[in-house]
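S.K.: One file is attached below, structure_34.cif, containing mmCIF, C-alpha atoms.
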data_structure
loop_
_atom_site.group_PDB
_atom_site.id
_atom_site.type_symbol
_atom_site.label_atom_id
_atom_site.label_comp_id
_atom_site.auth_asym_id
_atom_site.auth_seq_id
_atom_site.Cartn_x
_atom_site.Cartn_y
_atom_site.Cartn_z
ATOM 1 C CA MET A 7 -9.075 11.855 -5.803
ATOM 2 C CA LEU A 8 -9.427 8.112 -5.108
ATOM 3 C CA SER A 9 -12.600 6.517 -3.799
ATOM 4 C CA ILE A 10 -12.841 2.762 -3.237
ATOM 5 C CA LYS A 11 -16.401 1.550 -2.736
ATOM 6 C CA ASN A 12 -17.346 -1.899 -1.438
ATOM 7 C CA LEU A 13 -14.361 -3.603 -3.094
ATOM 8 C CA THR A 14 -14.440 -7.399 -2.886
ATOM 9 C CA VAL A 15 -11.730 -9.715 -4.262
ATOM 10 C CA ASP A 16 -12.007 -13.519 -4.383
ATOM 11 C CA PHE A 17 -9.527 -16.071 -5.721
ATOM 12 C CA PRO A 18 -11.367 -19.229 -6.896
ATOM 13 C CA LEU A 19 -9.213 -22.305 -6.191
ATOM 14 C CA PRO A 20 -9.947 -26.057 -6.424
ATOM 15 C CA GLU A 21 -9.861 -26.352 -2.624
ATOM 16 C CA GLY A 22 -12.243 -23.435 -2.143
ATOM 17 C CA THR A 23 -12.666 -19.723 -2.761
ATOM 18 C CA VAL A 24 -10.154 -17.445 -1.012
ATOM 19 C CA HIS A 25 -11.993 -14.334 0.190
ATOM 20 C CA VAL A 26 -9.116 -11.847 0.194
ATOM 21 C CA LEU A 27 -11.028 -8.556 0.407
ATOM 22 C CA ASP A 28 -14.579 -8.061 1.599
ATOM 23 C CA GLY A 29 -16.419 -4.773 1.167
ATOM 24 C CA VAL A 30 -13.426 -2.438 1.477
ATOM 25 C CA SER A 31 -14.314 1.262 1.219
ATOM 26 C CA LEU A 32 -11.659 3.982 1.502
ATOM 27 C CA GLU A 33 -11.061 7.531 0.308
ATOM 28 C CA LEU A 34 -7.885 9.415 -0.511
ATOM 29 C CA GLY A 35 -7.700 13.153 -1.059
ATOM 30 C CA GLU A 36 -5.354 15.110 -3.318
ATOM 31 C CA LYS A 37 -1.810 14.893 -1.877
ATOM 32 C CA GLU A 38 -3.106 12.940 1.142
ATOM 33 C CA ARG A 39 -1.046 10.075 2.558
ATOM 34 C CA LEU A 40 -2.717 6.819 3.620
ATOM 35 C CA ALA A 41 -1.084 3.828 5.343
ATOM 36 C CA LEU A 42 -2.512 0.293 5.121
ATOM 37 C CA ILE A 43 -1.408 -1.836 8.077
ATOM 38 C CA GLY A 44 -2.257 -5.327 9.313
ATOM 39 C CA GLU A 45 -0.843 -8.827 9.639
ATOM 40 C CA THR A 46 0.423 -10.831 6.679
ATOM 41 C CA GLY A 47 -2.550 -12.122 4.707
ATOM 42 C CA SER A 48 -4.887 -9.276 5.677
ATOM 43 C CA GLY A 49 -5.259 -8.161 2.037
ATOM 44 C CA LYS A 50 -3.049 -5.053 1.927
ATOM 45 C CA THR A 51 -1.016 -5.967 -1.162
ATOM 46 C CA VAL A 52 -4.044 -7.332 -3.005
ATOM 47 C CA LEU A 53 -5.792 -4.009 -2.413
ATOM 48 C CA GLY A 54 -2.882 -2.135 -4.011
ATOM 49 C CA HIS A 55 -2.866 -4.493 -7.003
ATOM 50 C CA ALA A 56 -6.651 -4.270 -7.355
ATOM 51 C CA ILE A 57 -6.489 -0.472 -7.708
ATOM 52 C CA LEU A 58 -4.211 -0.863 -10.731
ATOM 53 C CA ARG A 59 -5.926 -4.026 -11.999
ATOM 54 C CA LEU A 60 -2.766 -6.107 -11.693
ATOM 55 C CA LEU A 61 -4.454 -9.198 -10.252
ATOM 56 C CA PRO A 62 -4.115 -12.557 -12.061
ATOM 57 C CA PRO A 63 -6.668 -13.656 -14.655
ATOM 58 C CA GLY A 64 -9.667 -15.393 -13.143
ATOM 59 C CA THR A 65 -9.733 -13.228 -10.038
ATOM 60 C CA GLN A 66 -13.263 -12.179 -9.115
ATOM 61 C CA VAL A 67 -13.357 -8.440 -8.428
ATOM 62 C CA ARG A 68 -16.519 -6.560 -7.481
ATOM 63 C CA GLY A 69 -17.124 -3.005 -6.344
ATOM 64 C CA GLU A 70 -15.840 0.326 -7.628
ATOM 65 C CA VAL A 71 -12.491 2.128 -7.714
ATOM 66 C CA TRP A 72 -13.046 5.758 -8.711
ATOM 67 C CA TYR A 73 -10.106 7.912 -9.724
ATOM 68 C CA ASP A 74 -10.852 11.480 -10.799
ATOM 69 C CA GLY A 75 -14.331 10.559 -12.001
ATOM 70 C CA CYS A 76 -13.364 7.286 -13.751
ATOM 71 C CA ASN A 77 -14.244 3.850 -12.414
ATOM 72 C CA LEU A 78 -10.965 2.038 -13.072
ATOM 73 C CA LEU A 79 -12.601 -1.383 -12.817
ATOM 74 C CA SER A 80 -14.845 -0.692 -15.809
ATOM 75 C CA LEU A 81 -12.239 0.818 -18.146
ATOM 76 C CA PRO A 82 -11.047 -1.060 -21.269
ATOM 77 C CA SER A 83 -7.572 -2.551 -20.900
ATOM 78 C CA THR A 84 -6.062 -0.077 -23.365
ATOM 79 C CA ARG A 85 -7.466 2.865 -21.410
ATOM 80 C CA MET A 86 -6.309 1.384 -18.114
ATOM 81 C CA ARG A 87 -2.737 1.208 -19.379
ATOM 82 C CA GLU A 88 -2.795 5.005 -19.721
ATOM 83 C CA PHE A 89 -3.378 5.325 -15.975
ATOM 84 C CA ARG A 90 -0.587 2.982 -14.896
ATOM 85 C CA GLY A 91 2.634 4.837 -14.290
ATOM 86 C CA LYS A 92 1.368 8.186 -15.604
ATOM 87 C CA GLU A 93 -1.418 8.750 -13.065
ATOM 88 C CA ILE A 94 -0.912 5.933 -10.559
ATOM 89 C CA ALA A 95 2.392 4.142 -10.002
ATOM 90 C CA MET A 96 3.145 1.207 -7.729
ATOM 91 C CA VAL A 97 6.512 0.391 -6.194
ATOM 92 C CA LEU A 98 6.451 -3.365 -5.634
ATOM 93 C CA GLN A 99 7.994 -5.101 -2.651
ATOM 94 C CA ASN A 100 11.191 -7.164 -3.005
ATOM 95 C CA PRO A 101 13.276 -5.012 -5.386
ATOM 96 C CA ALA A 102 15.585 -7.922 -6.211
ATOM 97 C CA ALA A 103 12.635 -9.719 -7.820
ATOM 98 C CA ALA A 104 10.870 -6.643 -9.229
ATOM 99 C CA LEU A 105 13.874 -5.230 -11.117
ATOM 100 C CA ASN A 106 14.996 -6.733 -14.425
ATOM 101 C CA PRO A 107 18.294 -8.513 -13.638
ATOM 102 C CA VAL A 108 19.715 -8.253 -17.184
ATOM 103 C CA LEU A 109 19.219 -4.492 -17.645
ATOM 104 C CA THR A 110 21.174 -1.717 -15.984
ATOM 105 C CA GLY A 111 19.460 0.659 -13.606
ATOM 106 C CA GLY A 112 19.866 3.544 -16.020
ATOM 107 C CA TYR A 113 18.331 1.578 -18.905
ATOM 108 C CA GLN A 114 15.293 0.630 -16.834
ATOM 109 C CA VAL A 115 14.680 4.234 -15.804
ATOM 110 C CA ARG A 116 15.189 5.465 -19.405
ATOM 111 C CA GLU A 117 12.699 2.864 -20.621
ATOM 112 C CA ALA A 118 10.095 4.120 -18.134
ATOM 113 C CA ILE A 119 10.655 7.761 -19.096
ATOM 114 C CA ALA A 120 10.356 6.968 -22.804
ATOM 115 C CA ARG A 121 6.827 5.616 -22.280
ATOM 116 C CA ARG A 122 5.576 9.144 -21.644
ATOM 117 C CA TRP A 123 7.883 11.759 -23.136
ATOM 118 C CA ARG A 124 9.908 9.766 -25.697
ATOM 119 C CA PRO A 125 12.970 11.980 -25.259
ATOM 120 C CA THR A 126 16.315 10.992 -26.780
ATOM 121 C CA GLY A 127 19.983 11.786 -26.353
ATOM 122 C CA ARG A 128 21.130 14.315 -23.787
ATOM 123 C CA PRO A 129 17.648 15.269 -22.429
ATOM 124 C CA VAL A 130 16.851 11.705 -21.401
ATOM 125 C CA ARG A 131 20.313 11.213 -19.867
ATOM 126 C CA ARG A 132 19.782 14.394 -17.856
ATOM 127 C CA LYS A 133 16.345 13.237 -16.751
ATOM 128 C CA VAL A 134 17.712 9.848 -15.641
ATOM 129 C CA ALA A 135 20.564 11.483 -13.741
ATOM 130 C CA ASP A 136 18.162 13.872 -12.013
ATOM 131 C CA LEU A 137 15.833 11.044 -11.002
ATOM 132 C CA LEU A 138 18.623 8.907 -9.577
ATOM 133 C CA ALA A 139 20.109 11.887 -7.746
ATOM 134 C CA GLY A 140 16.663 12.732 -6.398
ATOM 135 C CA VAL A 141 16.386 9.352 -4.701
ATOM 136 C CA GLY A 142 19.947 9.532 -3.396
ATOM 137 C CA LEU A 143 21.674 7.202 -5.848
ATOM 138 C CA PRO A 144 25.193 7.908 -7.122
ATOM 139 C CA GLU A 145 25.777 8.461 -10.845
ATOM 140 C CA ARG A 146 27.507 5.081 -11.145
ATOM 141 C CA ALA A 147 24.156 3.354 -10.450
ATOM 142 C CA THR A 148 23.196 4.241 -14.027
ATOM 143 C CA SER A 149 25.552 1.583 -15.390
ATOM 144 C CA CYS A 150 25.067 -0.979 -12.599
ATOM 145 C CA TYR A 151 22.952 -4.104 -12.838
ATOM 146 C CA PRO A 152 20.559 -4.721 -9.900
ATOM 147 C CA HIS A 153 22.781 -7.434 -8.372
ATOM 148 C CA GLN A 154 25.618 -4.901 -8.170
ATOM 149 C CA LEU A 155 23.559 -2.644 -5.903
ATOM 150 C CA SER A 156 22.893 -3.022 -2.187
ATOM 151 C CA GLY A 157 19.366 -3.717 -0.936
ATOM 152 C CA GLY A 158 18.898 -0.075 -0.025
ATOM 153 C CA MET A 159 20.108 1.086 -3.443
ATOM 154 C CA GLN A 160 17.793 -1.398 -5.180
ATOM 155 C CA GLN A 161 14.885 0.033 -3.191
ATOM 156 C CA ARG A 162 15.851 3.559 -4.263
ATOM 157 C CA LEU A 163 16.114 2.467 -7.893
ATOM 158 C CA LEU A 164 12.636 0.959 -7.676
ATOM 159 C CA LEU A 165 11.357 4.230 -6.228
ATOM 160 C CA ALA A 166 12.990 6.154 -9.101
ATOM 161 C CA LEU A 167 11.117 3.892 -11.532
ATOM 162 C CA GLY A 168 7.877 4.622 -9.713
ATOM 163 C CA LEU A 169 8.496 8.374 -9.919
ATOM 164 C CA ALA A 170 9.737 8.339 -13.527
ATOM 165 C CA LEU A 171 6.394 9.399 -15.013
ATOM 166 C CA GLU A 172 5.648 11.872 -12.198
ATOM 167 C CA PRO A 173 2.452 10.120 -11.034
ATOM 168 C CA ARG A 174 -0.184 11.933 -9.019
ATOM 169 C CA LEU A 175 -0.658 8.849 -6.818
ATOM 170 C CA LEU A 176 2.206 6.644 -5.615
ATOM 171 C CA ILE A 177 1.576 3.251 -4.005
ATOM 172 C CA THR A 178 4.518 1.607 -2.224
ATOM 173 C CA ASP A 179 4.428 -1.974 -0.962
ATOM 174 C CA GLU A 180 6.704 -2.701 2.016
ATOM 175 C CA PRO A 181 9.394 -0.159 1.022
ATOM 176 C CA THR A 182 11.378 -0.685 4.258
ATOM 177 C CA LYS A 183 11.190 -4.487 4.321
ATOM 178 C CA GLY A 184 14.535 -6.200 4.890
ATOM 179 C CA LEU A 185 16.481 -2.958 5.411
ATOM 180 C CA ASP A 186 18.730 -2.368 8.403
ATOM 181 C CA TRP A 187 17.908 0.549 10.672
ATOM 182 C CA PRO A 188 20.076 3.250 9.010
ATOM 183 C CA LEU A 189 18.840 2.326 5.506
ATOM 184 C CA ARG A 190 15.251 2.145 6.744
ATOM 185 C CA ALA A 191 15.543 5.665 8.173
ATOM 186 C CA GLN A 192 16.937 6.917 4.860
ATOM 187 C CA VAL A 193 14.093 5.361 2.845
ATOM 188 C CA VAL A 194 11.459 6.773 5.216
ATOM 189 C CA GLU A 195 12.943 10.247 4.923
ATOM 190 C CA LEU A 196 13.164 9.894 1.144
ATOM 191 C CA LEU A 197 9.502 8.875 0.935
ATOM 192 C CA ARG A 198 8.589 11.879 3.040
ATOM 193 C CA GLU A 199 10.483 14.206 0.683
ATOM 194 C CA MET A 200 9.016 12.588 -2.448
ATOM 195 C CA THR A 201 5.393 12.674 -1.267
ATOM 196 C CA PHE A 202 4.725 15.424 1.280
ATOM 197 C CA GLY A 203 2.889 18.221 -0.509
ATOM 198 C CA ARG A 204 3.737 16.684 -3.905
ATOM 199 C CA ARG A 205 1.408 13.736 -4.556
ATOM 200 C CA ALA A 206 -1.092 11.379 -2.991
ATOM 201 C CA PHE A 207 0.539 8.369 -1.364
ATOM 202 C CA VAL A 208 -0.540 4.895 -0.236
ATOM 203 C CA LEU A 209 1.916 3.074 2.033
ATOM 204 C CA ILE A 210 1.421 -0.689 2.453
ATOM 205 C CA THR A 211 3.543 -1.773 5.388
ATOM 206 C CA HIS A 212 4.201 -3.848 8.489
ATOM 207 C CA ASP A 213 6.514 -1.065 9.671
ATOM 208 C CA LEU A 214 4.272 0.670 12.206
ATOM 209 C CA PRO A 215 6.719 3.485 13.090
ATOM 210 C CA ALA A 216 7.110 4.278 9.372
ATOM 211 C CA ALA A 217 3.331 4.384 8.979
ATOM 212 C CA ARG A 218 3.063 6.807 11.877
ATOM 213 C CA GLN A 219 5.812 9.020 10.455
ATOM 214 C CA LEU A 220 4.530 9.106 6.886
ATOM 215 C CA ALA A 221 0.725 8.845 6.931
ATOM 216 C CA ASP A 222 -2.052 11.374 7.416
ATOM 217 C CA ARG A 223 -4.625 8.593 7.755
ATOM 218 C CA VAL A 224 -4.420 4.883 8.572
ATOM 219 C CA ALA A 225 -6.596 1.942 7.542
ATOM 220 C CA VAL A 226 -6.179 -1.223 9.616
ATOM 221 C CA LEU A 227 -7.046 -4.441 7.739
ATOM 222 C CA TYR A 228 -7.897 -7.770 9.309
ATOM 223 C CA ALA A 229 -8.936 -10.892 7.361
ATOM 224 C CA GLY A 230 -9.863 -8.846 4.309
ATOM 225 C CA GLN A 231 -11.870 -6.142 6.074
ATOM 226 C CA VAL A 232 -11.102 -2.621 7.244
ATOM 227 C CA VAL A 233 -11.583 -2.706 11.033
ATOM 228 C CA GLU A 234 -10.365 0.809 11.855
ATOM 229 C CA TYR A 235 -9.897 3.891 9.720
ATOM 230 C CA GLY A 236 -9.001 7.375 10.878
ATOM 231 C CA PRO A 237 -6.336 10.051 11.380
ATOM 232 C CA ALA A 238 -2.914 8.473 11.883
ATOM 233 C CA GLU A 239 -2.111 10.173 15.178
ATOM 234 C CA ALA A 240 -5.470 9.183 16.670
ATOM 235 C CA VAL A 241 -5.166 5.560 15.545
ATOM 236 C CA PHE A 242 -1.654 5.187 16.928
ATOM 237 C CA SER A 243 -2.160 7.114 20.175
ATOM 238 C CA ALA A 244 -5.652 5.884 21.103
ATOM 239 C CA PRO A 245 -6.709 2.870 18.976
ATOM 240 C CA ARG A 246 -10.327 1.811 19.406
ATOM 241 C CA HIS A 247 -10.554 -1.646 17.842
ATOM 242 C CA PRO A 248 -9.206 -4.577 19.942
ATOM 243 C CA TYR A 249 -7.220 -5.828 16.953
ATOM 244 C CA THR A 250 -5.524 -2.470 16.414
ATOM 245 C CA ARG A 251 -4.583 -2.307 20.097
ATOM 246 C CA GLY A 252 -3.186 -5.837 19.938
ATOM 247 C CA LEU A 253 -1.274 -5.093 16.738
ATOM 248 C CA LEU A 254 0.363 -2.012 18.250
ATOM 249 C CA ASN A 255 1.126 -3.750 21.556
ATOM 250 C CA SER A 256 2.875 -6.592 19.712
ATOM 251 C CA HIS A 257 5.512 -4.142 18.445
ATOM 252 C CA PRO A 258 8.890 -4.183 20.273
ATOM 253 C CA ALA A 259 8.549 -0.474 21.058
ATOM 254 C CA ARG A 260 5.451 -1.271 23.127
ATOM 255 C CA GLU A 261 4.609 -4.292 25.257
ATOM 256 C CA LEU A 262 5.841 -6.920 22.758
ATOM 257 C CA LYS A 263 2.725 -8.955 23.570
ATOM 258 C CA PRO A 264 1.512 -11.045 20.622
ATOM 259 C CA ILE A 265 -2.184 -11.327 19.863
ATOM 260 C CA PRO A 266 -3.375 -14.786 20.999
ATOM 261 C CA GLY A 267 -4.322 -17.256 18.302
ATOM 262 C CA ALA A 268 -3.964 -16.781 14.566
ATOM 263 C CA ALA A 269 -5.850 -15.024 11.797
ATOM 264 C CA PRO A 270 -8.590 -17.233 10.291
ATOM 265 C CA PRO A 271 -8.011 -18.977 6.958
ATOM 266 C CA LEU A 272 -9.535 -16.945 4.148
ATOM 267 C CA THR A 273 -11.273 -20.058 2.831
ATOM 268 C CA ALA A 274 -13.162 -20.640 6.118
ATOM 269 C CA LEU A 275 -13.945 -17.322 7.790
ATOM 270 C CA PRO A 276 -15.754 -17.398 11.143
ATOM 271 C CA PRO A 277 -19.330 -16.113 11.446
ATOM 272 C CA GLY A 278 -19.969 -12.709 12.950
ATOM 273 C CA CYS A 279 -16.939 -10.575 13.757
ATOM 274 C CA ARG A 280 -13.853 -12.105 12.159
ATOM 275 C CA PHE A 281 -11.683 -11.126 15.119
ATOM 276 C CA GLN A 282 -13.986 -12.523 17.824
ATOM 277 C CA PRO A 283 -12.162 -15.913 18.176
ATOM 278 C CA ARG A 284 -9.057 -13.961 19.302
ATOM 279 C CA CYS A 285 -10.785 -11.132 21.175
ATOM 280 C CA ARG A 286 -10.938 -11.090 24.980
ATOM 281 C CA ARG A 287 -13.868 -8.670 24.873
ATOM 282 C CA ALA A 288 -16.052 -10.756 22.547
ATOM 283 C CA ARG A 289 -19.702 -11.280 23.546
ATOM 284 C CA ALA A 290 -22.439 -13.509 22.143
ATOM 285 C CA ILE A 291 -23.493 -10.954 19.528
ATOM 286 C CA CYS A 292 -19.949 -10.893 18.121
ATOM 287 C CA ALA A 293 -20.243 -14.545 17.062
ATOM 288 C CA ARG A 294 -23.737 -14.059 15.607
ATOM 289 C CA GLU A 295 -23.650 -10.801 13.690
ATOM 290 C CA ALA A 296 -20.851 -9.073 11.790
ATOM 291 C CA PRO A 297 -20.431 -5.497 13.027
ATOM 292 C CA PRO A 298 -20.566 -2.721 10.421
ATOM 293 C CA LEU A 299 -17.741 -0.263 9.853
ATOM 294 C CA ALA A 300 -19.453 2.577 11.712
ATOM 295 C CA GLU A 301 -18.437 6.213 12.037
ATOM 296 C CA VAL A 302 -17.830 6.842 15.740
ATOM 297 C CA THR A 303 -16.599 10.415 15.311
ATOM 298 C CA PRO A 304 -16.380 12.530 12.136
ATOM 299 C CA GLY A 305 -13.850 10.896 9.818
ATOM 300 C CA TYR A 306 -13.180 7.963 12.191
ATOM 301 C CA ARG A 307 -14.670 4.509 11.548
ATOM 302 C CA VAL A 308 -14.450 1.319 13.610
ATOM 303 C CA ARG A 309 -15.841 -2.187 13.022
ATOM 304 C CA CYS A 310 -16.714 -3.161 16.603
ATOM 305 C CA TYR A 311 -19.829 -3.269 18.799
ATOM 306 C CA PHE A 312 -17.912 -2.284 21.929
ATOM 307 C CA CYS A 313 -15.261 0.203 20.790
#
Please go through the file and, once you have read it, give me the structure as structure tokens.

M.R.:
Amino acid sequence: MLSIKNLTVDFPLPEGTVHVLDGVSLELGEKERLALIGETGSGKTVLGHAILRLLPPGTQVRGEVWYDGCNLLSLPSTRMREFRGKEIAMVLQNPAAALNPVLTGGYQVREAIARRWRPTGRPVRRKVADLLAGVGLPERATSCYPHQLSGGMQQRLLLALGLALEPRLLITDEPTKGLDWPLRAQVVELLREMTFGRRAFVLITHDLPAARQLADRVAVLYAGQVVEYGPAEAVFSAPRHPYTRGLLNSHPARELKPIPGAAPPLTALPPGCRFQPRCRRARAICAREAPPLAEVTPGYRVRCYFC
């Protein structure tokens, strides 16, 4: 359904070019669920925006993003607009900033629905009510402005907007960020109900337990590259790349041991393996030559010489 091939994204700046993504290749099947995990700055959000061509003007994008036989990166802007929302929808992080503060929740959902079906009167009111009820919002949310809703309700409203056009692929960016534990559990369960067996799903998140609960496959990003890619249960139960193991062990549910050092600046990436300055297992070859993302078992790829 979705095939990303050798995607590279650079941001030219006066102080130097920021190499945000480098040769990312991923696949997503019909109704499959993929989680993108990694530290802040690894390129997860940029990857989601690149799929929908929502990056700022001047961004240098190379590679291919194939969706049902169309390379989205080569489509005219008018044709690309037909894909956004109707085929692929993205739920942005930070609902307070993503929602329009001067329009009620019901108006914003009606506006989204009208882009596709152009219904009026009672049918559109029924559709709005059904959407809000489907994401667990009370009827009163229809007439509420975003600031009158809690953080969890804002997140649900944003999800309703993403689902308004019944997309085949839903991308969510940090949907559990900033939520307390009960609200986080509710959002995770809601995402499971809205995606499992219904549509393809890309989850961009720092929430490792949510990724394990919701994803069929996991891609681990580090400094703009995919370093591990495979079935979710295998990645979480027996990670192969040293970075993935460190990332999982830094979670409170595990050893709570942070990875030593810091991710390299994207304007001055190290030679060879990008993780080698922080890796206890690094050898001389790691500093000389960048390892390829190699298939170690069918459907499982790792970017490491010694995995």

S.K.: Applying 12 Å and all atoms listed in the file, which residues near A:Met200 remain after dropping the ones on its own chain fewer than 3 positions away? List them as a list in words.

M.R.: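 So, after excluding close chain neighbours, the residues are Lys37, Arg39, Leu137, Gly140, Val141, Gly142, Arg162, Leu165, Ala166, Gly168, Leu169, Ala170, Glu172, Pro173, Arg174, Leu175, Leu176, Thr178, Val193, Val194, Glu195, Leu196, Leu197, Gly203, Arg204, Arg205, Ala206, Phe207 and Leu220 of chain A.
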
S.K.: Which residue is closest to A:Ala274? Choose from A:Arg289, A:His25, A:Arg59, A:Arg132 and count only C-alpha atoms.

M.R.: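 The shortest atom-to-atom distance to A:Ala274 comes from A:His25.
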
S.K.: Between A:Pro215, A:Pro101, A:Gly252, A:Gly35, which one has atoms that come closest to A:Tyr228, using all atoms listed in the file?

M.R.: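 The shortest atom-to-atom distance to A:Tyr228 comes from A:Gly252.
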
S.K.: Name the residues within 9 Å of (1.1, 10.7, -15.5), counting all atoms listed in the file in the file's coordinates, and put them as an mmCIF file with C-alpha atoms, keeping the file's coordinate frame.

M.R.:
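Listed below is the output, out34.cif:
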data_model
loop_
_atom_site.group_PDB
_atom_site.id
_atom_site.type_symbol
_atom_site.label_atom_id
_atom_site.label_comp_id
_atom_site.auth_asym_id
_atom_site.auth_seq_id
_atom_site.Cartn_x
_atom_site.Cartn_y
_atom_site.Cartn_z
ATOM 1 C CA GLU A 88 -2.795 5.005 -19.721
ATOM 2 C CA PHE A 89 -3.378 5.325 -15.975
ATOM 3 C CA ARG A 90 -0.587 2.982 -14.896
ATOM 4 C CA GLY A 91 2.634 4.837 -14.290
ATOM 5 C CA LYS A 92 1.368 8.186 -15.604
ATOM 6 C CA GLU A 93 -1.418 8.750 -13.065
ATOM 7 C CA ILE A 94 -0.912 5.933 -10.559
ATOM 8 C CA ALA A 95 2.392 4.142 -10.002
ATOM 9 C CA ARG A 122 5.576 9.144 -21.644
ATOM 10 C CA LEU A 171 6.394 9.399 -15.013
ATOM 11 C CA GLU A 172 5.648 11.872 -12.198
ATOM 12 C CA PRO A 173 2.452 10.120 -11.034
ATOM 13 C CA ARG A 174 -0.184 11.933 -9.019
#

S.K.: Under the PyMOL selection byres ((chain A and resi 212) around 7), which residues of this model are included? Write them out as a compact mmCIF listing (two decimals) with C-alpha atoms, in the coordinates of the input.

M.R.:
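Below is the file that was written, result23.txt:
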# COMPACT_ATOMS: atom_id res chain seq x y z
CA ILE A 43 -1.41 -1.84 8.08
CA GLY A 44 -2.26 -5.33 9.31
CA THR A 211 3.54 -1.77 5.39
CA ASP A 213 6.51 -1.06 9.67
CA LEU A 214 4.27 0.67 12.21

S.K.: Edge lengths and centre, in Å to one decimal, as lines of an AutoDock Vina configuration file: that's what I need for the box along x, y and z that holds all listed atoms of stretch 40-57 of chain A plus 3 Å on each side.

M.R.:
center_x = -3.1
center_y = -2.7
center_z = 1.0
size_x = 13.1
size_y = 24.9
size_z = 23.3
